[in-house]
Each structure stands twice: as structure tokens, then as C-alpha cells.
Amino acid sequence: MFSMTAITPALVKDHGLSEAEYRRILELMGREPSLVELGIFSVMWSEHCSYKSTRFHLRRLPTKAPWVLQGPGENAGVIDIGDGDAAIFKMESHNHPSFIEPYQGAATGVGGIMRDVFTMGARPIAMMNALRFGEPSHPKTRHLVDGVVRGIGGYGNCMGVPTVGGEVNFHRCYNGNILVNAMCVGLAHQDKIFLSAAKGAGNPVVYIGSKTGRDGIHGATMASAEFDDASEEKRPTVQVGDPFTEKLLLEACLELMATDAIIAIQDMGAAGLTSSSAEMGDKGGSGIELNLDRVPQREEGMTAYEMMLSESQERMLAVLKPGREAQAEAIFRKWELDFAVIGITTDTKRLVVKHKGQVVADMPITALSDEAPVYQRPYAARPAPAGNPAYDAKRPLLSSLKTIVGAPDMCSRRWVWEQYDYTVMTDTVQQPGGDAAVVRVHGSNKGLAITTDVTPRYCKADPKEGAKQAVAEAWRNICAVGAKPLAVTDNLNFGNPQKPEIMGEIVAAIDGIGEACRALDFPVISGNCSLYNETNGEGIFPTPAIGAVGLMGDVHRMATIAFKREGEAIMLIGDTRGHLGQSIYLREIEGREQGAAPPVDLAAEKAHGEFVRRLIEQGRVDTCHDLSDGGLLVALSEMALAGDIGCEAGVAGTTVEAIPFFFGEDQARYAIAAPVEEMNRIEQEARDAGIIHAIVGKTHAAKTLRIAGAGEIALADLRAAHEGWFPAYMAKEEVPPVN
Amino acid sequence: MKSAVVVFPASNCDRDAQTALKQLTGRDPHMVWHGDSALPSVDLVVLPGGFSYGDYLRSGAMASQSAIMRAVKAHADKGGMVLGICNGFQVLTESHLLPGALMRNADLKFVCRPVAMTVEETQSAFTRKYDKGQRVVFPVAHGDGNYFADEATLDRLEGENRVVFRYVEGDNPNGSARNIAGILNETRNVMGLMPHPERVVDPLLGGTDGVALFQSLIEALS
């Protein structure tokens with residue numbers, strides 16, 4: 001029945017399977033697997049597809065709320081945003097491919113996450129990207145930044161989905177492993193949401209989209225291993241994106257979804273035909289029989305192994321109601337896409353694959369899902385550094401500020417987002433550069449606020465507190481524009497989970513996310529894990545990126561960070577203790593990555609977030625900024641630069657000295673501005689609510705930032721520093737290696 | 001004013017044009033598929049922005065060969081109005097309905113940002129509601145917006161007052177010859193421009209400078 005390729009220990013190892021895992025495969029199959037079956041096990045049991053190191057711990061995350069329509073386990077999560085509308089979103093990494101081939105790696109990352117969202121029936125309406133690169137002086141960094149940004153733009157711009165924001169960090173811990181995490185948010189009707197459960201027997205399984213080629217074979221396995229110096233040879237495992245075809249696929253799928261022909265649909269992402277068919281069969285409790293002779297093929301002579309493991313892009317697998325094939329085919333022909341009936345659902349709960357008259361795989365689907373290994377890997381907690389480090393009190397405040405706003409991690413990202421079409425679809429009501437982007441729900445006054453956040457240096461110092469902070473900052477960013485935070489997607493980027501100290505980071509971060517999400521009623525509805533982000537044994541900082549979505553009822557009542565009027569009072573909300581541990585100030589000015597990560601008080605986060613959100617919803621405050629990297633003075637600078645209106649400020653309401661007051665990174669804080677009379681009322685309300693606050697200054701007519709006791713700096717000087725670094729860095733020629 | 005928006009494969013500003021036209025004319029434009037060979041009876045045809053056919057050849061080159069473009073040319077030949085925005089402008093130059101070509105941006109990067117322009121010509125159905133010399137801000141979002149034509153063609157465009165929009169000196173986002181952002185054909189019924197007027201018809205989206213362009217057409221065609 002099967003072609004006789006001997007399954008040797010070397011072949012098993014090449015497929016990334018351990019000896020114990022292979023013994024388990026022999027038990028489950030009751031015989032030696034064929035080569036095709038071995039390949040299928042290898043991708044389905046890979047870390048990338050099976051979450052075998054994290055699944056046990058991920059169960060602790062809160063995933064439910066009355067507004068959650070679909071939690072983790074589908075292609076993306078779904079929340080209720082009222083009026084019969086649903087927001088569908090997820091964030092996913094494409095780290096390994098982007099390091100090897102930045103343009104195509106990033107482009108196909110964007111394409112993959114968009115398919116995850118539109119396969120559920122949603123039109124993608126916004127994209128975000130959380131990007132981490134190595135230190136600027138590393139010889140590959142400039143090339144990677146350029147390629148990743150062009151790749152994201154090349155794909156997203158062609159799709160006509162606005163890329164509305166994200167994050168960019170630089171740190172030497174990413175020198176050998178960059179992170180490219182893409183988030184897509186889509187909009188659907190609640191009664192038109194499509195799931196991947198292939199329920200029922202005898203239904204046609206159809207293949208739609210691009211043809212299958214030999215690209216990306218074993219991409220999922222590559223993404224489940226560490227890199228070494230030979231990793232660049234893995235370039236052929238990176239897929240090539242075709243956004244034109246994806247745009248057609250999007251429109252064709254939405255057209256088909258407007259009919260009632262579909263039972264289930266799933267995109268072919270990692271592990272392509274294998275994972276899509278196995279997952280659909282698994283969720284539907286059915287079996288699937290595929291005939292590979294019918295798969296549209298780009299190349300001649302492809303083997304069953306190659307077809308089952310290809311990660312060619314822009315493909316979908318769907319199960320239709322019987323008799324609806326012709327109707328579906330007509331839609332795909334109109335959009336000039338391939339369409340083929342390649343199989344049928346069965347009641348055997350087995351995945352059966354035929355090729356050229358031979359059965360090349362016949363395996364129980366549960367062996368690929370429920371029976372996939374789940375590890376409780378040993379883990380070790382690392383003691384977090386304590387204390388608030390000392391600082392040199394004599395350093396001049398404003399020259400430090402200028403250095404900070406022009407630092408690689410802190411300067412304007414305009415060079416990046418101007419390469420993304422952020423205004424297409426004509427609903428981007430809050431553009432990149434603010435706390436959260438806001439896109440209007442088309443044809444209504446509702447808006448979705450979107451952000452991505454994590455501060456990796458906090459997570460390195462203290463993975464649990466750092467993960468809490470990531471959730472809290474996402475919460476703040478949503479509140480700061482005036483939206484109600486609803487749900488998060490998490491993208492957990494870590495090193496090798498087989499090292500107990502890395503596994504300890506993973507467990508602590510998941511605990512931190514869980515604690516924060518529970519306290520803030522902010523469930524996790526989708527996510528992705530990217531492990532093995534190590535090169536030659538050096539791992540990245542733990543980087544649990546949090547993507548979040550919130551809802552505002554009326555986009556006309558929204559806050560932005562820009563100062564809008566002269567003579568307004570500026571209020572600092574939250575407790576300022578002057579926490580300099582792991583701060584930007586300490587790193588950029590004193591050259592030290594030191595001390596404890598700032599503690600997160602979730603009760604304060606909740607109270608303060610709700611307080612500012614209410615002020616914005618009532619139309620009383622339209623200027624608000626959350627305080628994060630760089631603390632109060634960086635926030636005030638950004639507010640002044642965004643509005644081109646200056647301000648004056650001084651230490652208020654505390655005995656904390658000037659440097660920690662202005663640059664400390666205490667959490668749960670916001671700066672808001674409002675007319676003086678309105679601010680008097682807000683002060684009274686803050687007192688009544690027991691919210692710590694202080695009036696720290698006011699906006700003024702001069703285009704300067706004036707700090708009591710520290711002098712004055714022109715906004716033009718700050719702007720030059722803030723806007724200058726990125727374009728200047730990217731314009732530099734590569735430095736040739738010294739012989 | 002009756003209007004139509006042509007939908008090429010991977011047009012992606014077709015809905016934006018539709019939304020703006022509906023908002024400003026009060027009626028839904030016809031959405032016309034690229035494979036159709038006839039246009040409905042309309043006053044204005046809009047070729048929207050996007051990446052027609054992926055723009056894997058020169059931008060707009062494939063679209064210029066599509067069935068519907070023969071009907072668009074016939075519409076223009078009869079004096080019908082045609083507005084090409086961004087990719088639509090590229091389609092118009094590739095179809096020889098407008099002179100010149102749109103090359104890769106001078107800095108080789110896609111650029112999305114608001115740009116300031118002056119309205120150079122108000123003796124046109126597209127711009128009669130603007131003031132001559134008026135400064136307007138529209139967003140651009142393109143990789144191939146660098147307008148090029150030979151000197152004789154440029155001189156002729158200038159001499160015949162067919163340069164309609166010009167980037168403000170110092171704000172040229174793509175390296176266009178003589179800061180040209182938008183031009184008319186000889187008979188002044190076909191206009192192409194790289195910036196997006198349909199994205200600035202709502203104060204929430206950063207301005208309303210595009211409204212007068214559509215109102216000009218409504219006035220001229222009613």
C-alpha cells in the first residue's frame with residue numbers, strides 16, 4: 001500500500017521529532033509510518049502547530065466574557081461590538097522567515113494573518129505590526145528594517161487594508177532573531193461568521209486560491225528550531241507572497257460567504273494542506289479523504305510529500321454543502337482563481353490521502369490533534385532584580401530629554417509608517433503616532449481602537465510583572481483615546497523552551513498576562529506562540545506582545561495626544577514615585593539596564609483608565625496621552641510636538657526629585673489637558689474618586705517646552721531630534737566589513 | 001450627476017470612490033467590472049486607486065488593455081468626463097488618454113502622507129469651485145507617482161493651462177517633473193492626479209479639501 005522509504009533514525013531526526021515522539025507515532029499508527037505520514041506528523045507535532053510546550057500553561061488564560069463570541073482555537077477570535085457587528089482579530093509572528101528573507105518573510109506574515117481573519121467571514125479593516133530588530137550598529141539591522149518595512153507595505157498596500165500603527169524596538173538581544181508580529185482586525189456580521197469545523201460526511205472538500213508549488217516545505221519545522229550560522233541556507237523554506245492573488249481571494253471568499261454554500265473554511269497557513277485538512281476534520285469530528293491528483297499544481301512531478309507539506313501562499317480549503325460546487329466555482333472563475341474539488345468528508349475520523357491511485361497516508365486525525373504531545377517542561381524561576389537604582393541628580397534635564405526623544409527606540413517612526421497606506425478605506429480617524437489607532441466601523445459612528453504593546457526590557461528583568469505591564473499598557477492606550485478595552489490577542493515570543501530558565505520566563509509571562517487580563521476583564525481571544533528565537537544559544541528577551549481592541553460609541557468623542565489650545569491646564573493622573581529601574585532614562589542617559597521593572601497596580605490601572613475614558617466619552621477631554629517609555633516629560637514633548645503647541649511644567653504634588661519625577665516610568669498614569677475651568681471640575685471629581693492626581697503645568701503661546709528650574713527648549717529643537725534619527729540612520733550606507 | 005467607478009482586479013480605492021460619490025452626489029455610482037465591454041449611461045467615469053492586476057508590470061499597463069478601457073476611451077472621445085485617481089492616473093497615461101508616464105518615486109519608497117498642493121487651473125469642470133492658486137492638502141499613497149514627460153510635452157501642458165494641481169515647492173513627495181500632481185487632456189474632459197481627493201471629504205479624516213473637486217463636477221454636469 002505505501003511506497004517503501006525506510007524510516008531511519010536520521011530521517012526522524014531530520015523531521016524535528018524526538019526518539020520518544022517517534023515511539024509514540026509507532027504506537028498510534030500500529031505500524032511504521034510512510035514518508036508522507038512522517039512528514040505530516042513532523043509538521044503537526046511541531047512546536048509551531050501543536051503548541052506542545054505552551055498548551056498546558058495557556059489553559060490558565062481567561063478567554064471568556066459576555067462579549068466574546070469566539071475565543072482561542074479558531075483562526076481568530078471574535079467579539080461582539082453591538083448592532084449585530086463583530087470584530088475579528090489575531091496577531092501572529094513571522095519571525096524566522098523574516099530574518100532569513102525580510103521582504104518575503106514580512107509580506108507573507110501579513111498575508112497569513114489577513115487570511116486568518118477573512119477566512120472567518122470578516123473584511124480586514126486594519127493592520128498593525130510589532131517589530132523588534134537588533135541594535136542599530138549591527139551590520140544586518142538596516143537591511144532587515146528596510147526589507148521588513150517594504151514587505152509589510154508591499155503586501156498590505158496592495159490589499160488596500162490600512163496599516164495603522166505598531167511598534168519598533170531595537171536591542172542587541174534581537175541581533176540574531178528579529179521579531180515580526182502582525183495583527184489584523186476585521187469586521188463581520190455576527191450571523192455571517194465562518195468556522196473551520198468540517199461537520200458531516202459526504203460533503204465536497206474544495207481547494208481555492210493559488211496553485212501549489214514547492215515553496216515553504218517544512219516552514220513550520222524551521223520555525224520550531226533554533227538558528228545557527230547555517231540558517232541562511234534555509235532561505236528556500238521561506239514562501240513568496242502574491243498580494244494580488246490574495247486580494248482576489250479575499251473578494252472571492254467574501255462573495256462566496258454571502259451565499260450559504262459553505263459548511264467550513266480554513267486558510268492554508270503553516271503546514272498548508274496538512275494542517276488545514278487535519279484541523280477541519282478534527283473540529284468537525286469527521287474524516288477527510290483527499291485526492292492529490294486534483295490539487296492545482298504549479299510545478300510538474302510534485303510528490304505527495306511535497307504537496308502535503310507545501311506552504312504556498314494564498315490558498316484556502318473549504319467544505320461545501322453538497323451540490324453547491326458549481327455555484328462556488330463560478331465565483332472563483334470570475335476572480336480568475338483556481339478551484340478544485342479535491343476530496344470529501346467521511347465518518348471515519350481518518351485523514352486519507354491518495355495520489356496516483358495509491359493511498360499514501362491513512363491516519364487517525366486525533367493522532368495529529370488530541371494525541372499530539374503536550375509537555376510540562378521543567379522550568380526555573382529567575383530572581384527578579386530589586387530596587388530603584390541611583391542616578392546622577394546633576395545631569396541637565398532638557399539635554400537629557402533631547403537625547404531621549406532622538407534615541408533609536410524613542411524617536412518618531414514616521415519613516416516606517418509613511419511607507420504604509422494608512423488612509424485607504426477612508427475610515428482611519430486616528431492615524432499612526434498616537435496611543436492607539438482608531439478606525440471607524442464603516443457607515444457608522446462607532447470606532448475600534450487598536451494597539452500593540454510590550455516592553456521587553458521589563459519582561460527580561462521580571463517576566464511576570466513585565467507581562468502584566470504589557471497588558472496594562474495596551475489597556476491604557478485604548479482608554480487614552482476614549483474607547484472601552486474589550487479583548488486581547490497575545491503573541492508570545494521566547495527562546496528555547498527546553499531550557500528551564502526560558503520555560504520559566506514563558507510560565508511567568510503567561511501568569512502575568514492571565515492576572516492582568518482577569519483583573520481588567522480583558523479576555524485573551526486569540527494568539528500565537530513563537531519559540532526557539534535563539535541563535536547559537538543566545539535567546540531574545542521574553543517578548544509577549546499584546547494586541548488589543550476597544551470600542552468607542554462615537555468617533556466624534558475621541559482624544560488624541562496633540563495639545564489643541566493654548567492656556568489649558570495639564571493634569572497628571574496616577575501615582576508618581578519616580579521609578580527609574582529598567583527605565584529609558586537609565587538606559588539612554590546613564591547607559592545602564594538595571595533595577596526592578598516598574599510594579600503594576602491593576603486596581604489603579606482599572607480605576608484610572610475608566611476615569612479618563614469617562615471624561616473623553618462625555619466630550620470634556622480631547623487631549624490625553626498614556627505615560628510609558630520615558631515617563632512624563634517624554635509624554636509632554638510628544639503632546640507638544642503633535643499639536644505644535646508648547647507648554648510649561650514643574651514637579652507637583654510630590655516630594656520626588658525632578659529627574660525621577662519627569663523620567664520615572666511608574667505605571668497607571670496619564671496626562672490630560674483641558675480648559676482651566678473644566679479642569680477644576682475634573683480635579684474635584686478625581687478627589688471624590690480617590691484618584692491621585694496633580695496639575696503639573698499648562699499649555700502656552702510660545703513654541704517651547706519650559707520646565708521649572710531646568711530652563712526651556714524650542715519645539716523645533718525637539719522636533720529635529722525626534723524626527724531626525726530614523727531617516728538619517730536608514731540613509732547611511734552599509735559599513736563595509738573591516739578586513 | 002450620474003457616475004460609474006471601474007473595478008479592476010485589485011483596485012482597492014473603488015469603495016472609497018463609491019463612498020465619496022454617494023456622499024456628495026446623493027446617488028450610488030455604478031460599479032463596473034473590468035471585464036465588461038460597455039459602460040452604463042453616465043456623466044463621469046472614475047478610475048480608482050489600487051494595484052490593478054497587482055501592477056506587476058508597469059503600474060496601470062495591464063489595466064489599460066482591459067475590455068472596459070475601450071469603452072472608457074469611447075466615453076472620453078465623446079466628451080464624457082473621466083477622473084483617474086492614483087492607479088487610475090497611471091491607467092490613463094498607459095492608455096494614452098493622458099500624456100507622460102508615472103515612474104517609481106524618486107526615493108524608491110512607497111509614500112503615504114498628506115501633501116500640500118496649489119490649484120493651478122480653475123477653468124476646468126474638475127476644479128471650477130476652487131480658487132486659482134488655492135492651497136489644498138490631499139493625502140498621497142503610492143510607489144509610482146513620479147510624473148515624467150519630455151520637455152516639449154511639459155511646456156505644452158503648461159502653455160495650455162493643463163497642469164491642474166502642483167505640489168507646493170518643497171513638498172513634492174515623488175520627484176515629479178515641475179512638481180506636477182495632476183493634469184488634463186487636450187479637450188479638458190479627462191483628468192488624472194496622484195493625490196486622493198476622495199480621502200478628504202470628511203473632517204474626521206483630516207480635511208475636506210477634496211469636496212470642491214466633486215462639487216465642481218456636479219455643478220459642471222448638472
# chains A, B, ... in the order shown; residues from 1 in each chain; ligands from 1
$ closest_atom_pairs --of "chain A" --to "chain B" --cutoff "8 Å" --atoms "only C-alpha atoms" --output "JSON lines"
{"residue": "A:Arg150", "atom": "CA", "partner": "B:Lys109", "partner_atom": "CA", "distance": 8.0}
{"residue": "A:Gly153", "atom": "CA", "partner": "B:Phe110", "partner_atom": "CA", "distance": 7.7}
{"residue": "A:Cys158", "atom": "CA", "partner": "B:Phe51", "partner_atom": "CA", "distance": 5.6}
{"residue": "A:Met159", "atom": "CA", "partner": "B:Asn12", "partner_atom": "CA", "distance": 6.9}
{"residue": "A:Gly160", "atom": "CA", "partner": "B:Asn12", "partner_atom": "CA", "distance": 5.0}
{"residue": "A:Pro243", "atom": "CA", "partner": "B:Gly54", "partner_atom": "CA", "distance": 7.2}
{"residue": "A:Phe244", "atom": "CA", "partner": "B:Gly54", "partner_atom": "CA", "distance": 4.6}
{"residue": "A:Thr245", "atom": "CA", "partner": "B:Gly54", "partner_atom": "CA", "distance": 8.0}
{"residue": "A:Lys247", "atom": "CA", "partner": "B:Ala10", "partner_atom": "CA", "distance": 5.9}
{"residue": "A:Leu248", "atom": "CA", "partner": "B:Ala10", "partner_atom": "CA", "distance": 6.6}
{"residue": "A:Trp335", "atom": "CA", "partner": "B:Pro9", "partner_atom": "CA", "distance": 7.7}
{"residue": "A:Trp417", "atom": "CA", "partner": "B:Cys112", "partner_atom": "CA", "distance": 7.8}
{"residue": "A:Glu418", "atom": "CA", "partner": "B:Cys112", "partner_atom": "CA", "distance": 4.8}
{"residue": "A:Gln419", "atom": "CA", "partner": "B:Val111", "partner_atom": "CA", "distance": 5.0}
{"residue": "A:Tyr420", "atom": "CA", "partner": "B:Cys112", "partner_atom": "CA", "distance": 6.2}
{"residue": "A:Asp421", "atom": "CA", "partner": "B:Cys112", "partner_atom": "CA", "distance": 5.4}
{"residue": "A:Tyr422", "atom": "CA", "partner": "B:Cys112", "partner_atom": "CA", "distance": 7.1}
{"residue": "A:Thr423", "atom": "CA", "partner": "B:Arg199", "partner_atom": "CA", "distance": 7.3}
{"residue": "A:Val424", "atom": "CA", "partner": "B:Cys13", "partner_atom": "CA", "distance": 6.8}
{"residue": "A:Met425", "atom": "CA", "partner": "B:Asp16", "partner_atom": "CA", "distance": 5.8}
{"residue": "A:Thr426", "atom": "CA", "partner": "B:Arg199", "partner_atom": "CA", "distance": 5.8}
{"residue": "A:Asp427", "atom": "CA", "partner": "B:Leu205", "partner_atom": "CA", "distance": 7.1}
{"residue": "A:Thr428", "atom": "CA", "partner": "B:Leu205", "partner_atom": "CA", "distance": 6.6}
{"residue": "A:Val429", "atom": "CA", "partner": "B:Leu205", "partner_atom": "CA", "distance": 5.4}
{"residue": "A:His556", "atom": "CA", "partner": "B:Leu204", "partner_atom": "CA", "distance": 7.6}
$ residues_around --residues "A:Asp453" --least-positions-apart "6" --cutoff "8 Å" --atoms "only C-alpha atoms" --output "list in words"
Ala130, Glu167, Ala470, Val471, Glu473, Ala474, Ala545, Ile546 and Gly547 of chain A
$ closest_residue --among "B:Asp43, B:Glu94, B:Glu186, B:Glu120" --to "B:Val164" --atoms "only C-alpha atoms"
B:Glu120
$ residues_around --residues "B:Asn146" --least-positions-apart "6" --cutoff "10 Å" --atoms "only C-alpha atoms" --output "PyMOL selection string"
chain B and resi 101-108+172-177+179-181+194
$ closest_residue --among "B:Asp150, B:Gly100, B:Phe165, B:Arg188" --to "B:Ala76" --atoms "only C-alpha atoms"
B:Arg188
$ residues_around --residues "A:Gln313" --least-positions-apart "6" --cutoff "10 Å" --atoms "only C-alpha atoms" --output "PyMOL selection string"
chain A and resi 108+111-112+115+209-213+215-216+239-243+245-246+267-270+272
$ residues_around --residues "A:Ser46" --least-positions-apart "4" --cutoff "12 Å" --atoms "only C-alpha atoms" --output "PyMOL selection string"
chain A and resi 15-18+21+38-42+50-53+218-225+270-271+275+368-369+372-374+529-532
$ residues_around --residues "A:Ser637" --least-positions-apart "5" --cutoff "10 Å" --atoms "only C-alpha atoms" --output "number ranges by chain"
A: 401-402, 405, 562, 632, 642-647, 704-705, 715, 718-719, 722
$ write_last_selection --atoms "N, CA, C and O atoms" --output "tab-separated table (two decimals), in the first residue's frame"
chain	number	residue	atom	x	y	z
A	401	LEU	N	16.46	65.11	27.81
A	401	LEU	CA	15.21	64.92	27.07
A	401	LEU	C	15.49	64.86	25.57
A	401	LEU	O	14.96	64.00	24.85
A	402	LYS	N	16.32	65.79	25.11
A	402	LYS	CA	16.61	65.83	23.68
A	402	LYS	C	17.29	64.54	23.22
A	402	LYS	O	16.98	64.00	22.15
A	405	VAL	N	14.43	61.76	23.18
A	405	VAL	CA	13.43	61.77	22.09
A	405	VAL	C	14.07	61.49	20.74
A	405	VAL	O	13.37	61.18	19.78
A	562	ALA	N	-2.30	65.19	20.83
A	562	ALA	CA	-1.85	66.55	20.50
A	562	ALA	C	-2.49	67.60	21.40
A	562	ALA	O	-3.71	67.60	21.59
A	632	LEU	N	6.86	61.13	32.13
A	632	LEU	CA	6.04	62.33	31.93
A	632	LEU	C	6.64	63.30	30.91
A	632	LEU	O	5.93	63.84	30.07
A	642	ALA	N	3.06	67.01	18.66
A	642	ALA	CA	1.93	66.60	17.83
A	642	ALA	C	0.99	67.78	17.55
A	642	ALA	O	0.41	67.87	16.47
A	643	GLY	N	0.85	68.69	18.55
A	643	GLY	CA	-0.06	69.82	18.36
A	643	GLY	C	0.64	71.09	17.93
A	643	GLY	O	-0.01	72.09	17.63
A	644	ASP	N	1.97	71.08	17.93
A	644	ASP	CA	2.79	72.26	17.72
A	644	ASP	C	2.36	73.38	18.66
A	644	ASP	O	2.23	74.55	18.27
A	645	ILE	N	2.12	73.01	19.90
A	645	ILE	CA	1.76	73.97	20.95
A	645	ILE	C	2.65	73.66	22.16
A	645	ILE	O	2.76	72.50	22.58
A	646	GLY	N	3.31	74.70	22.68
A	646	GLY	CA	4.25	74.49	23.77
A	646	GLY	C	3.56	74.39	25.12
A	646	GLY	O	2.34	74.57	25.24
A	647	CYS	N	4.35	74.08	26.15
A	647	CYS	CA	3.79	74.01	27.50
A	647	CYS	C	4.87	74.28	28.52
A	647	CYS	O	6.07	74.26	28.22
A	704	THR	N	7.67	76.36	22.85
A	704	THR	CA	8.78	75.86	23.68
A	704	THR	C	8.22	74.90	24.73
A	704	THR	O	7.03	74.90	25.02
A	705	LEU	N	9.13	74.16	25.31
A	705	LEU	CA	8.83	73.36	26.49
A	705	LEU	C	9.64	73.99	27.62
A	705	LEU	O	10.87	74.04	27.54
A	715	LEU	N	10.52	73.83	20.59
A	715	LEU	CA	9.91	72.64	19.99
A	715	LEU	C	10.65	72.26	18.71
A	715	LEU	O	10.76	71.07	18.39
A	718	LEU	N	13.47	70.02	19.62
A	718	LEU	CA	12.99	68.69	19.98
A	718	LEU	C	12.53	67.93	18.75
A	718	LEU	O	12.79	66.74	18.59
A	719	ARG	N	11.85	68.67	17.85
A	719	ARG	CA	11.33	68.01	16.65
A	719	ARG	C	12.47	67.50	15.77
A	719	ARG	O	12.42	66.39	15.24
A	722	HIS	N	13.70	64.41	17.34
A	722	HIS	CA	12.71	63.34	17.32
A	722	HIS	C	12.52	62.77	15.92
A	722	HIS	O	12.39	61.55	15.73
$ residues_around --residues "stretch 301-306 of chain A" --least-positions-apart "5" --cutoff "8 Å" --atoms "only C-alpha atoms" --output "PyMOL selection string"
chain A and resi 35-36+39+213-214+217+292+355+360
$ select_by_dssp --residues "stretch 4-196 of chain B" --states "strand (DSSP E or B)" --output "PyMOL selection string"
chain B and resi 4-7+11+30-33+44-47+50+81-85+101-103+111-119+135-142+146-148+163-167+180-184+190-193
$ select_by_dssp --residues "stretch 227-271 of chain A" --states "alpha helix (DSSP H)" --output "list of chain:residue names"
A:Pro243, A:Phe244, A:Thr245, A:Glu246, A:Lys247, A:Leu248, A:Leu249, A:Leu250, A:Glu251, A:Ala252, A:Cys253, A:Leu254, A:Glu255, A:Leu256, A:Met257
$ write_last_selection --atoms "N, CA and C atoms" --output "tab-separated table (two decimals), in the first residue's frame"
chain	number	residue	atom	x	y	z
A	243	PRO	N	0.33	39.41	-3.22
A	243	PRO	CA	-0.82	40.12	-2.67
A	243	PRO	C	-1.94	40.31	-3.67
A	244	PHE	N	-1.61	40.33	-4.96
A	244	PHE	CA	-2.65	40.46	-5.98
A	244	PHE	C	-3.62	39.28	-5.88
A	245	THR	N	-3.06	38.07	-5.83
A	245	THR	CA	-3.92	36.89	-5.72
A	245	THR	C	-4.69	36.90	-4.41
A	246	GLU	N	-4.02	37.36	-3.34
A	246	GLU	CA	-4.72	37.40	-2.05
A	246	GLU	C	-5.90	38.37	-2.08
A	247	LYS	N	-5.70	39.49	-2.78
A	247	LYS	CA	-6.81	40.46	-2.89
A	247	LYS	C	-7.99	39.81	-3.63
A	248	LEU	N	-7.69	39.08	-4.69
A	248	LEU	CA	-8.76	38.38	-5.41
A	248	LEU	C	-9.40	37.31	-4.52
A	249	LEU	N	-8.55	36.61	-3.77
A	249	LEU	CA	-9.05	35.56	-2.87
A	249	LEU	C	-9.98	36.16	-1.81
A	250	LEU	N	-9.58	37.30	-1.28
A	250	LEU	CA	-10.42	37.99	-0.29
A	250	LEU	C	-11.79	38.29	-0.88
A	251	GLU	N	-11.79	38.93	-2.05
A	251	GLU	CA	-13.07	39.34	-2.63
A	251	GLU	C	-13.91	38.11	-3.01
A	252	ALA	N	-13.24	37.09	-3.54
A	252	ALA	CA	-13.98	35.89	-3.95
A	252	ALA	C	-14.56	35.17	-2.73
A	253	CYS	N	-13.77	35.08	-1.65
A	253	CYS	CA	-14.27	34.41	-0.44
A	253	CYS	C	-15.46	35.17	0.14
A	254	LEU	N	-15.36	36.50	0.20
A	254	LEU	CA	-16.47	37.27	0.76
A	254	LEU	C	-17.71	37.11	-0.10
A	255	GLU	N	-17.50	37.00	-1.43
A	255	GLU	CA	-18.64	36.81	-2.32
A	255	GLU	C	-19.27	35.43	-2.08
A	256	LEU	N	-18.43	34.42	-1.93
A	256	LEU	CA	-18.96	33.08	-1.65
A	256	LEU	C	-19.65	33.04	-0.29
A	257	MET	N	-19.09	33.76	0.68
A	257	MET	CA	-19.65	33.75	2.03
A	257	MET	C	-21.01	34.44	2.10
